[in-house]
There are 6 protein chains.
Amino acid sequence: MAEKLLKKKITGIGYETVVLDNGSIPLLAPMSEIAGRLSVFMANACLEPKNGGKGLLISGVPGVHDAKIAIIGGGIAGMNAAYIALGVGARVVIIDMNIDRLRYLDLVFHSRAETLISNSTNIEESVVSADIVIGSVLIPGAKAPKLVKEEHLSRMSRGSAFVDIAIDQGGCSETSRPTTHDHPMYVAHDVVHYCVTNMPGAVPRTATFALTNVTLPYIISIADKGAEKAMSRNNALLRGLNFYKGRLTHKEVAEALGIAYEEAEF
Amino acid sequence: MAEKLLKKKITGIGYETVVLDNGSIPLLAPMSEIAGRLSVFMANACLEPKNGGKGLLISGVPGVHDAKIAIIGGGIAGMNAAYIALGVGARVVIIDMNIDRLRYLDLVFHSRAETLISNSTNIEESVVSADIVIGSVLIPGAKAPKLVKEEHLSRMSRGSAFVDIAIDQGGCSETSRPTTHDHPMYVAHDVVHYCVTNMPGAVPRTATFALTNVTLPYIISIADKGAEKAMSRNNALLRGLNFYKGRLTHKEVAEALGIAYEEAEF
Amino acid sequence: MAEKLLKKKITGIGYETVVLDNGSIPLLAPMSEIAGRLSVFMANACLEPKNGGKGLLISGVPGVHDAKIAIIGGGIAGMNAAYIALGVGARVVIIDMNIDRLRYLDLVFHSRAETLISNSTNIEESVVSADIVIGSVLIPGAKAPKLVKEEHLSRMSRGSAFVDIAIDQGGCSETSRPTTHDHPMYVAHDVVHYCVTNMPGAVPRTATFALTNVTLPYIISIADKGAEKAMSRNNALLRGLNFYKGRLTHKEVAEALGIAYEEAEF
Amino acid sequence: MAEKLLKKKITGIGYETVVLDNGSIPLLAPMSEIAGRLSVFMANACLEPKNGGKGLLISGVPGVHDAKIAIIGGGIAGMNAAYIALGVGARVVIIDMNIDRLRYLDLVFHSRAETLISNSTNIEESVVSADIVIGSVLIPGAKAPKLVKEEHLSRMSRGSAFVDIAIDQGGCSETSRPTTHDHPMYVAHDVVHYCVTNMPGAVPRTATFALTNVTLPYIISIADKGAEKAMSRNNALLRGLNFYKGRLTHKEVAEALGIAYEEAEF
Amino acid sequence: MAEKLLKKKITGIGYETVVLDNGSIPLLAPMSEIAGRLSVFMANACLEPKNGGKGLLISGVPGVHDAKIAIIGGGIAGMNAAYIALGVGARVVIIDMNIDRLRYLDLVFHSRAETLISNSTNIEESVVSADIVIGSVLIPGAKAPKLVKEEHLSRMSRGSAFVDIAIDQGGCSETSRPTTHDHPMYVAHDVVHYCVTNMPGAVPRTATFALTNVTLPYIISIADKGAEKAMSRNNALLRGLNFYKGRLTHKEVAEALGIAYEEAEF
Amino acid sequence: MAEKLLKKKITGIGYETVVLDNGSIPLLAPMSEIAGRLSVFMANACLEPKNGGKGLLISGVPGVHDAKIAIIGGGIAGMNAAYIALGVGARVVIIDMNIDRLRYLDLVFHSRAETLISNSTNIEESVVSADIVIGSVLIPGAKAPKLVKEEHLSRMSRGSAFVDIAIDQGGCSETSRPTTHDHPMYVAHDVVHYCVTNMPGAVPRTATFALTNVTLPYIISIADKGAEKAMSRNNALLRGLNFYKGRLTHKEVAEALGIAYEEAEF
C-alpha cells in the first residue's frame, strides 16, 4: 500500500500519527472512550454460561453478591470503564501508577471506586479476587506492558472474565491474543477472554459520530486552506503527514516499512 | 407430570403459586429484579450491527447522542431496568399507570428519568422516538397486556431494539414471540427483538442465590415443622399447595389441566 | 426502686415500654439512629494504634485501601451506620434477614453498599474479611442473637474493630461484654471491642433533643388531659404504664421483678 | 467621557480590559456565573402564559413531561445554566464546539446532561425540539456569533422561551434585541425572548459580592503600592490601563473612539 | 350556583371532595406538587429589587452566600419545594411535626436538607434567619394553622421573601392575604409576600396534564359504567358526590351553604 | 544530627525539601489528605462531653440540628475535610482566598458546601457561628497565618471544637499550641482544641502506604541509577539534597542551622 501511495504521489495524513504538542493523540481519544464504556457490557456477556462464564450478573440484585471489577489502568479507557461499572452497581477497584490521576478519579467518582497505586502486590491481589478484570493500560504510541500475568489470571475463579482494551497495542495480559467481532471470546485458564481489536466497531454509529467530531475541524481546515497551508499552521497535522509528493515523510513509519525517510518540503 | 405426582401422592408446592396476602408472589420477585437489570445489557447487544442493530452505544460518549430508552411498566422489573439504564447514562422515560409509583420513582431516581402516565399517546410517542423499548408490563398471575402496538414499533428507526421482559406471560408487544438463550434475538419491522423466556437463565449463579434467599425460609420451615404444620401457619405456603396425598388441590391448576379439584385436608 | 414507686403510688410510664400497634418502640428509635451514626466514628477510634487498632483510616486516601465494614443487621441502627460509613468512603456490606429491607437499602443508597441476605456463610465471610464489624442486630424487646461468633471474629486481621450497638440487649457477639464511656474499649482476640451501653450518652445534647422530639407529644397529651385520659386515648401510652396507684401494672416488668401483676383500673 | 478623563489626567483602569495572560477576563467571570444560573429562573418566567409562554413548569411533576432545555455554549455561563437546569429536573442538552469541554461537563454532571458537538445539524435539531433555548455563546472580547437562526427558532413550538445571555455582546440569535429589567421580555415568532443586558442587575446583592471578591485583590494592591507599582507588577492590571496622565493608553479603546493611542510611561 | 345545580337535578361530583379511605385527596395532590416546585421559582422573583427584594440569587455563586430557605411543613408541597431548593443549591431547613416524615426526607435527600421538628423555637429561629420562608402547612380539608407569626416574620432581614402555598386554605402566616397572578406580590414588614391562590394557574399546561392524569381513571369509570355504578364501586368517588337528583348530598357542603343535607339514594 | 551526617559524609535527601517545579511538595501531599479526612473524626471526639465538648453528634439525626463546620482553607487538607464533613451530613462552609479553587470545590461537591471568599468578615461570622472550626491554612514552606483570632474563637458557643491541621507549621489560630497523640486535646476559651502535630501518626498503616506510594518512584530511581544520576535527572530530587560528601548543600537548612552552605558537586 505504501508503494502505491508513493507511486501515485498521494498526500497522506495518518489518523494515529496526528499528535498534539503534549504527546496525546486526539483522533484516538474517542475510541478509548467508547472501548472503555463498551468493555463493561462485553464483560457481562463474557460471564454468561454459554460463553464459558460463571453466570454472574454484574450488578447483582439485593441480597446477592455483585461483581468485583478490577480495572488496570485509569486513563481515558479505564475511567470510562469505571464510570459504567459503577453505574451498574459493581464493586470497582482502579489501579494506576499516577497518584494524581487516582486523586482525580476519587474526587469525580465521590469515592465510589477504590483507587490503588499500581504495584505488583496490588495488581496481583486485585486480579486474583476479581470476577472481571479490565485491562486498560494504554501508552500512546507504545506497546502495552504485560501487567496482567498468566500466573495471576489463572488463579481467578472459574468462569471469570477478562477484557483487554489494550489489545490493539499488543494487549496487557500474557494470555491475550487478538479476536474478532465474529468470534470475540475464547477461554484460557478457565477465564473468558474478550480481546477484540477495534472494539468500537461494535457500535459503528456512535463511533463514526465520535470520530467525525474530532476529525472534522482538521478536514475543514484542509478543505479551506489546502493541505500545505493547513499543515504549516497546525503542528499536530504536520506531524501526521506520512506521504507527500512521492516521499515517505514520517520517520517511524519509514523505519517500520524499511523505506527511506525523506523530509517533506513545501 | 401431574398424573405422576398424583399417583405417587407427592406433596407438591409450586413456586409461582405461593402468594402473599397482598397478592404478590415473593418467589418470583427476584426473577423480575434480575430480568429488569439484565434487560439493559441485552438491549445493548441488540444494538450491535451483527445482530441487526443500528450500532449505537447505549451510554454514548461526550459529544454524541446516547440512547433513548422507553420503559413500559414501572414495577419491579421496570424500576430495575431504569436503574441500570440511568447508571450507564442513557435518556430514560418510564411509563406506568400508577401515579403514586411514578412519584416514588421520580423521588428515588432524583428526577433523572422522565416519568409519564400510561396512556396511548404517551406510549406511542415514547416508543416511536426511542432507540430501545423495554417492555416490563407484568401483572401477577395474568397475561401481559399488549401495550406495545405493531403499528408503533414498526415506526421506530431502523436497527432499534425491543426487549420483552413480559414474554413469560405472553409478551407485551404485538410483535413478540418467545426465543431461547441459544437464539435470543430476531428482527421484525427492522427492530431487533429479544424475547427470551426465563431471562435469569443467562445469569444462573446470581439467579440461584437470589431465588434461594427467598425460598430458604419456607424450606427451613417445612424441614423444621413438617409440611402440614408449616402450611397451616403460613397462608402463602398453603396457597401454593398443588398436590397433596393424591389430590390436585389448587383450583387454577386443576382447571388448566382439566383435572378435578379437591380440597386439601390435614 | 419499684417498691418505692408502689409505696408512693406513683403513676409510672416507662419509656421503653411505650409500644405502638405495630410493635415498634417510638421512644427508642432516635437512640438507634444516634447509636448507628455514632458507631462509625467510634470504630475509627478503635482503629487507632493507641487503642490497639491497626492504624487504618476508615476512608483511606487515594491509592490506598480504605476500610471494609460489615454491618450485621440493617434496621434503624444498621442503616444509619451504613449511611455514615458510605459517606466517609468506606466499602460497606449490609447483612439482614429481610430481603425487602435489603431492597429498600439498595435503592436508597443507590447500590453503594453491597447487600447480603443473612446466613451463616455470608456472616462468616463478611466478618472474617472486614476491618470493622458493626453489630446492629436489634430485636425490639428481646435479647440480641449472638450472630457474630467468637470463632469468626478471632480470624479477623490483627487490630480490627468491632462495635456492638446491641450491647444494651446483651450484645450480638459471643465476645461482647458491656463497657462504659470512661473505659469504652477492650481488646479480645486482637480485635478492639467498643461495647458501651447507652452509646447516645456520648452526645447528650443531640440525644436530648432527639428524645424530646418524640416524647414531647406524649407529655403534652398527659399535661393537657391528665394521665388517665391521655392513656385511654392512646394505646401506646397505655401499654407503657408500669405503676399505677400502688399496683404494678405491666406484666413483663412484674415477672422480671417477681412482684404480682395487677391490672390498672381507671 | 473619554475627553474628560483625558483632560483631568485621570488614571483609569477598565474592568473589562483587565485580561490575564491566558486571555480570560477575571472581572467578568462572576457575571457569567450569575447570568448562567439566573437564566433558568428567567426562562421559567418566560413560560408563564401572562408573558406569552406555553404554561409549562420547567421541572414538570411526576407523570407529566418536564421541559427540554437546549444550552448553546458550554462555557462558564452555559455550565452554570446547566447546573441549575439539571437541579430542577429538566432534560438538558449542552452544545459546544470544544470536545474536551464536553468531556469535562459529562464527567462533572455524571452524564445527567446530554452533550453534543456544535454543528448546524445538532443546533437545529436541539433548538427546534426544545421548550427552552439558552444562548450562552460568549467569546471574550468579540461579538457573539449568531448560532441560533431565525428559521430554526421560528419552528419551536408556540410559547417556548429563549434567553440570550450573550446579548451584551450582540446576542447569539438572529432574533435577539436588547431589553431592560423593566421590560425584560418580548415575543417573536411565538417564542418569548428574554434579552436583558446586564442580567446580574436583577440580583445586585449577589452580584456586588461576587464582583468585589474578584476586584478587591487588585484594589488592595493599588492602595498599598500605588497604581504604577501595582501595574508594573501585574500584567493583567497593566493591560487594563485605559487612561494615564492625559493619554489614551489602550489601543482598542483608542481605535474605537478615534482618539490617538499613546503608550503609557511610568 | 348550588341552587341551579339542584334545580336542574345535575349529578355533581366535586374534585376536592373525592377522598380516599386514608383521608387523602387524590385530585388535589398534583396541585400540591406543582405549587411546591413553583414556589422556589416565585421566591427567586420575590427577591428581585424591582419587587422589593434584597437582590439575592437563590443559588448564590462560588464565594458568595447563597439563600437560606426555611420550609414550614414537609408534606407533598414542602417536599417538592425542598427538592427544587436543594437542586438550585440553596441551604434548606425543613420543619415538620411528624418525625417519621423527617426521617424519610432525610433519607431521600441524603441529608442535604436539615430537618427540624416543628416547635415554636425551631420555627422562630428558622424564620428569623432565613432569606426565604415557604409556608407549606397543608391539612387536608382544614384551615391552615398560622404557624408563621407576624412578630417573627417582621424580624427577617429587609427584602426577604415569603411564599404561602397554604393560601388556598387561609394561609399559614399571620401576614398572608390572597393575591392574584396579575398582582402576585406585596410587601409587608419589608418582606415580599407571594400569596397567589391557585398557584398552578401559572403553569396551566403542566397543571392540566397533571390533573388529567389523576382524574381520567374516575372519568373513564363513570363513562363506562354510569355515575351510579361507578360510585357504588368506588368509595372515594361516592364521597365526592355533592348533588344528585335535586338533593344536596354532601354534609359539609350543605352546612357551609346552609342548605338541607339529604342522603343520596340509588 | 546534622553534624553527624556531615562527619559521616552521608548523602542525605530530606522528604520535605523535595519540591516540584511548580513549588508543590509531593511527599507531603498524602499527609495533607490524611490529616484533612482525619480532622472530622477528631472533631467529633472533641465534641464529646468527657473531652469538654457540647455533646453534639456531627451528623445530627432527623429532627435535630446537625453540626455547622467552618473550614478555613480549601487546599488539599481542607477539601478532604469537607469531603468527610459533607459525607457525614454536616453543614459545611469552606473559606479560601482563591476564587478559582472555590469554583472547583462548588462544582465537585455539587454545591453541598457553601463556599466563601476569605476575608475578615466571612472568617469572623463563620467561626463565631460554627460548632466546629477546622483550620487548614497551609502554605508550602511557610508559617501558617493566624487567620483564626482568639477574639472570634472565644465567642464560639461553649463546648465547640477546633482542629488545627496547620499546627505543624505553627498553627492557624492564635489559640493553638502543639499537642501529642497521648494528650491530643485541651480546652481554651471553652473551645476544645485538637492540635496534634503529625496527625497522620494516628493512622500509621494508611499513612505508611500513602507515603510509600509517592516515595517509591524516587527510591527506585536512586536504587537503579545511583543517587547522583537520579538527582541529575530529576530536579525535585536534586532540590531535596541536604547533605553530600560532608557538605551541607541546602541553603535554607544551612541558614536554619547556622552552618555554612556549600554547593553540591558531582
# chains A, B, ... in the order shown; residues from 1 in each chain; ligands from 1
$ select_by_dssp --residues "range 126-217 of chain D" --states "alpha helix (DSSP H)" --output "ChimeraX atom specification"
/D:126-129,150-153,204-217
$ write_last_selection --atoms "N, CA, C and O atoms" --output "PDB file, in the first residue's frame"
ATOM      1  N   SER D 126     -31.692  20.493  18.118  1.00  0.00           N
ATOM      2  CA  SER D 126     -31.875  20.777  19.537  1.00  0.00           C
ATOM      3  C   SER D 126     -32.768  21.984  19.760  1.00  0.00           C
ATOM      4  O   SER D 126     -33.622  21.991  20.648  1.00  0.00           O
ATOM      5  N   VAL D 127     -32.571  23.015  18.942  1.00  0.00           N
ATOM      6  CA  VAL D 127     -33.379  24.224  19.091  1.00  0.00           C
ATOM      7  C   VAL D 127     -34.840  23.920  18.780  1.00  0.00           C
ATOM      8  O   VAL D 127     -35.749  24.264  19.539  1.00  0.00           O
ATOM      9  N   VAL D 128     -35.062  23.267  17.655  1.00  0.00           N
ATOM     10  CA  VAL D 128     -36.430  23.050  17.184  1.00  0.00           C
ATOM     11  C   VAL D 128     -37.248  22.210  18.160  1.00  0.00           C
ATOM     12  O   VAL D 128     -38.443  22.430  18.343  1.00  0.00           O
ATOM     13  N   SER D 129     -36.582  21.246  18.831  1.00  0.00           N
ATOM     14  CA  SER D 129     -37.335  20.348  19.712  1.00  0.00           C
ATOM     15  C   SER D 129     -37.335  20.810  21.166  1.00  0.00           C
ATOM     16  O   SER D 129     -37.902  20.145  22.030  1.00  0.00           O
ATOM     17  N   GLU D 150     -33.000  32.443  12.919  1.00  0.00           N
ATOM     18  CA  GLU D 150     -34.414  32.810  12.952  1.00  0.00           C
ATOM     19  C   GLU D 150     -35.268  31.662  12.412  1.00  0.00           C
ATOM     20  O   GLU D 150     -36.320  31.341  12.947  1.00  0.00           O
ATOM     21  N   GLU D 151     -34.777  31.036  11.353  1.00  0.00           N
ATOM     22  CA  GLU D 151     -35.535  29.970  10.696  1.00  0.00           C
ATOM     23  C   GLU D 151     -35.802  28.813  11.688  1.00  0.00           C
ATOM     24  O   GLU D 151     -36.881  28.229  11.692  1.00  0.00           O
ATOM     25  N   HIS D 152     -34.806  28.500  12.505  1.00  0.00           N
ATOM     26  CA  HIS D 152     -34.966  27.388  13.452  1.00  0.00           C
ATOM     27  C   HIS D 152     -35.816  27.796  14.641  1.00  0.00           C
ATOM     28  O   HIS D 152     -36.723  27.084  15.059  1.00  0.00           O
ATOM     29  N   LEU D 153     -35.492  28.945  15.186  1.00  0.00           N
ATOM     30  CA  LEU D 153     -36.215  29.416  16.351  1.00  0.00           C
ATOM     31  C   LEU D 153     -37.713  29.533  16.055  1.00  0.00           C
ATOM     32  O   LEU D 153     -38.562  29.245  16.909  1.00  0.00           O
ATOM     33  N   PRO D 204     -28.606  42.325  42.529  1.00  0.00           N
ATOM     34  CA  PRO D 204     -27.463  43.219  42.794  1.00  0.00           C
ATOM     35  C   PRO D 204     -26.668  42.841  44.037  1.00  0.00           C
ATOM     36  O   PRO D 204     -25.454  43.063  44.082  1.00  0.00           O
ATOM     37  N   ARG D 205     -27.337  42.292  45.021  1.00  0.00           N
ATOM     38  CA  ARG D 205     -26.612  41.937  46.241  1.00  0.00           C
ATOM     39  C   ARG D 205     -25.595  40.834  45.954  1.00  0.00           C
ATOM     40  O   ARG D 205     -24.413  40.953  46.277  1.00  0.00           O
ATOM     41  N   THR D 206     -26.062  39.756  45.333  1.00  0.00           N
ATOM     42  CA  THR D 206     -25.163  38.663  44.980  1.00  0.00           C
ATOM     43  C   THR D 206     -24.093  39.148  44.012  1.00  0.00           C
ATOM     44  O   THR D 206     -22.910  38.819  44.149  1.00  0.00           O
ATOM     45  N   ALA D 207     -24.493  39.965  43.034  1.00  0.00           N
ATOM     46  CA  ALA D 207     -23.540  40.424  42.022  1.00  0.00           C
ATOM     47  C   ALA D 207     -22.450  41.300  42.632  1.00  0.00           C
ATOM     48  O   ALA D 207     -21.281  41.203  42.260  1.00  0.00           O
ATOM     49  N   THR D 208     -22.844  42.153  43.570  1.00  0.00           N
ATOM     50  CA  THR D 208     -21.859  43.037  44.190  1.00  0.00           C
ATOM     51  C   THR D 208     -20.813  42.247  44.961  1.00  0.00           C
ATOM     52  O   THR D 208     -19.613  42.483  44.846  1.00  0.00           O
ATOM     53  N   PHE D 209     -21.293  41.285  45.740  1.00  0.00           N
ATOM     54  CA  PHE D 209     -20.330  40.472  46.490  1.00  0.00           C
ATOM     55  C   PHE D 209     -19.426  39.698  45.527  1.00  0.00           C
ATOM     56  O   PHE D 209     -18.219  39.593  45.727  1.00  0.00           O
ATOM     57  N   ALA D 210     -20.021  39.142  44.482  1.00  0.00           N
ATOM     58  CA  ALA D 210     -19.231  38.338  43.548  1.00  0.00           C
ATOM     59  C   ALA D 210     -18.178  39.185  42.850  1.00  0.00           C
ATOM     60  O   ALA D 210     -17.035  38.763  42.659  1.00  0.00           O
ATOM     61  N   LEU D 211     -18.568  40.384  42.485  1.00  0.00           N
ATOM     62  CA  LEU D 211     -17.643  41.268  41.792  1.00  0.00           C
ATOM     63  C   LEU D 211     -16.555  41.747  42.743  1.00  0.00           C
ATOM     64  O   LEU D 211     -15.370  41.795  42.403  1.00  0.00           O
ATOM     65  N   THR D 212     -16.952  42.098  43.948  1.00  0.00           N
ATOM     66  CA  THR D 212     -15.981  42.564  44.931  1.00  0.00           C
ATOM     67  C   THR D 212     -14.958  41.480  45.245  1.00  0.00           C
ATOM     68  O   THR D 212     -13.772  41.756  45.430  1.00  0.00           O
ATOM     69  N   ASN D 213     -15.428  40.245  45.317  1.00  0.00           N
ATOM     70  CA  ASN D 213     -14.496  39.147  45.602  1.00  0.00           C
ATOM     71  C   ASN D 213     -13.322  39.125  44.630  1.00  0.00           C
ATOM     72  O   ASN D 213     -12.201  38.821  45.020  1.00  0.00           O
ATOM     73  N   VAL D 214     -13.608  39.418  43.352  1.00  0.00           N
ATOM     74  CA  VAL D 214     -12.521  39.331  42.374  1.00  0.00           C
ATOM     75  C   VAL D 214     -11.779  40.646  42.166  1.00  0.00           C
ATOM     76  O   VAL D 214     -10.633  40.661  41.730  1.00  0.00           O
ATOM     77  N   THR D 215     -12.426  41.788  42.466  1.00  0.00           N
ATOM     78  CA  THR D 215     -11.734  43.065  42.256  1.00  0.00           C
ATOM     79  C   THR D 215     -10.899  43.490  43.452  1.00  0.00           C
ATOM     80  O   THR D 215      -9.893  44.168  43.298  1.00  0.00           O
ATOM     81  N   LEU D 216     -11.313  43.072  44.636  1.00  0.00           N
ATOM     82  CA  LEU D 216     -10.651  43.557  45.844  1.00  0.00           C
ATOM     83  C   LEU D 216      -9.139  43.347  45.829  1.00  0.00           C
ATOM     84  O   LEU D 216      -8.383  44.270  46.184  1.00  0.00           O
ATOM     85  N   PRO D 217      -8.646  42.158  45.446  1.00  0.00           N
ATOM     86  CA  PRO D 217      -7.187  41.991  45.439  1.00  0.00           C
ATOM     87  C   PRO D 217      -6.486  43.037  44.571  1.00  0.00           C
ATOM     88  O   PRO D 217      -5.424  43.548  44.961  1.00  0.00           O
TER      89      PRO D 217
END
$ interface_residues --of "chain B" --to "chain E" --cutoff "10 Å" --atoms "only C-alpha atoms" --output "list in words"
Met97, Asn98, Ile99, Asp100, Arg103, Leu107, Val108, Phe109, His110, Ser111, Leu116, Ile117, Ser118 and Asn119 of chain B
$ write_last_selection --atoms "C-alpha atoms" --output "PDB file, in the first residue's frame"
ATOM      1  CA  MET B  97     -50.478   3.719  35.040  1.00  0.00           C
ATOM      2  CA  ASN B  98     -49.966   4.219  38.778  1.00  0.00           C
ATOM      3  CA  ILE B  99     -49.229   7.851  39.555  1.00  0.00           C
ATOM      4  CA  ASP B 100     -48.041   7.040  43.068  1.00  0.00           C
ATOM      5  CA  ARG B 103     -43.921   9.734  42.208  1.00  0.00           C
ATOM      6  CA  LEU B 107     -38.060  10.668  44.079  1.00  0.00           C
ATOM      7  CA  VAL B 108     -35.658   7.748  44.351  1.00  0.00           C
ATOM      8  CA  PHE B 109     -34.110   8.464  40.952  1.00  0.00           C
ATOM      9  CA  HIS B 110     -33.830  12.184  41.764  1.00  0.00           C
ATOM     10  CA  SER B 111     -35.736  13.061  38.555  1.00  0.00           C
ATOM     11  CA  LEU B 116     -45.136   9.629  32.206  1.00  0.00           C
ATOM     12  CA  ILE B 117     -48.594   8.358  32.948  1.00  0.00           C
ATOM     13  CA  SER B 118     -49.612   5.400  30.851  1.00  0.00           C
ATOM     14  CA  ASN B 119     -51.951   6.322  28.024  1.00  0.00           C
TER      15      ASN B 119
END
$ residues_around --residues "range 190-194 of chain A" --least-positions-apart "4" --cutoff "9 Å" --atoms "only C-alpha atoms" --output "PyMOL selection string"
chain A and resi 39+42-43+46-47+51-53+153-154+156-165+175-179+184-186
$ select_by_dssp --residues "range 7-218 of chain F" --states "strand (DSSP E)" --output "JSON, numbers by chain"
{"F": [12, 13, 68, 69, 70, 71, 72, 91, 92, 93, 94, 95, 96, 114, 115, 116, 117, 132, 133, 134, 135, 160, 161, 162, 163, 164, 185, 186, 187, 188, 191, 192, 193, 194]}
$ residues_around --residues "Ile72 in chain F" --least-positions-apart "6" --cutoff "6 Å" --atoms "only C-alpha atoms" --output "PyMOL selection string"
chain F and resi 95+135-136
$ atom_distance --atom1 "CA of Thr115 in chain D" --atom2 "CA of Ala70 in chain D"
10.0 Å
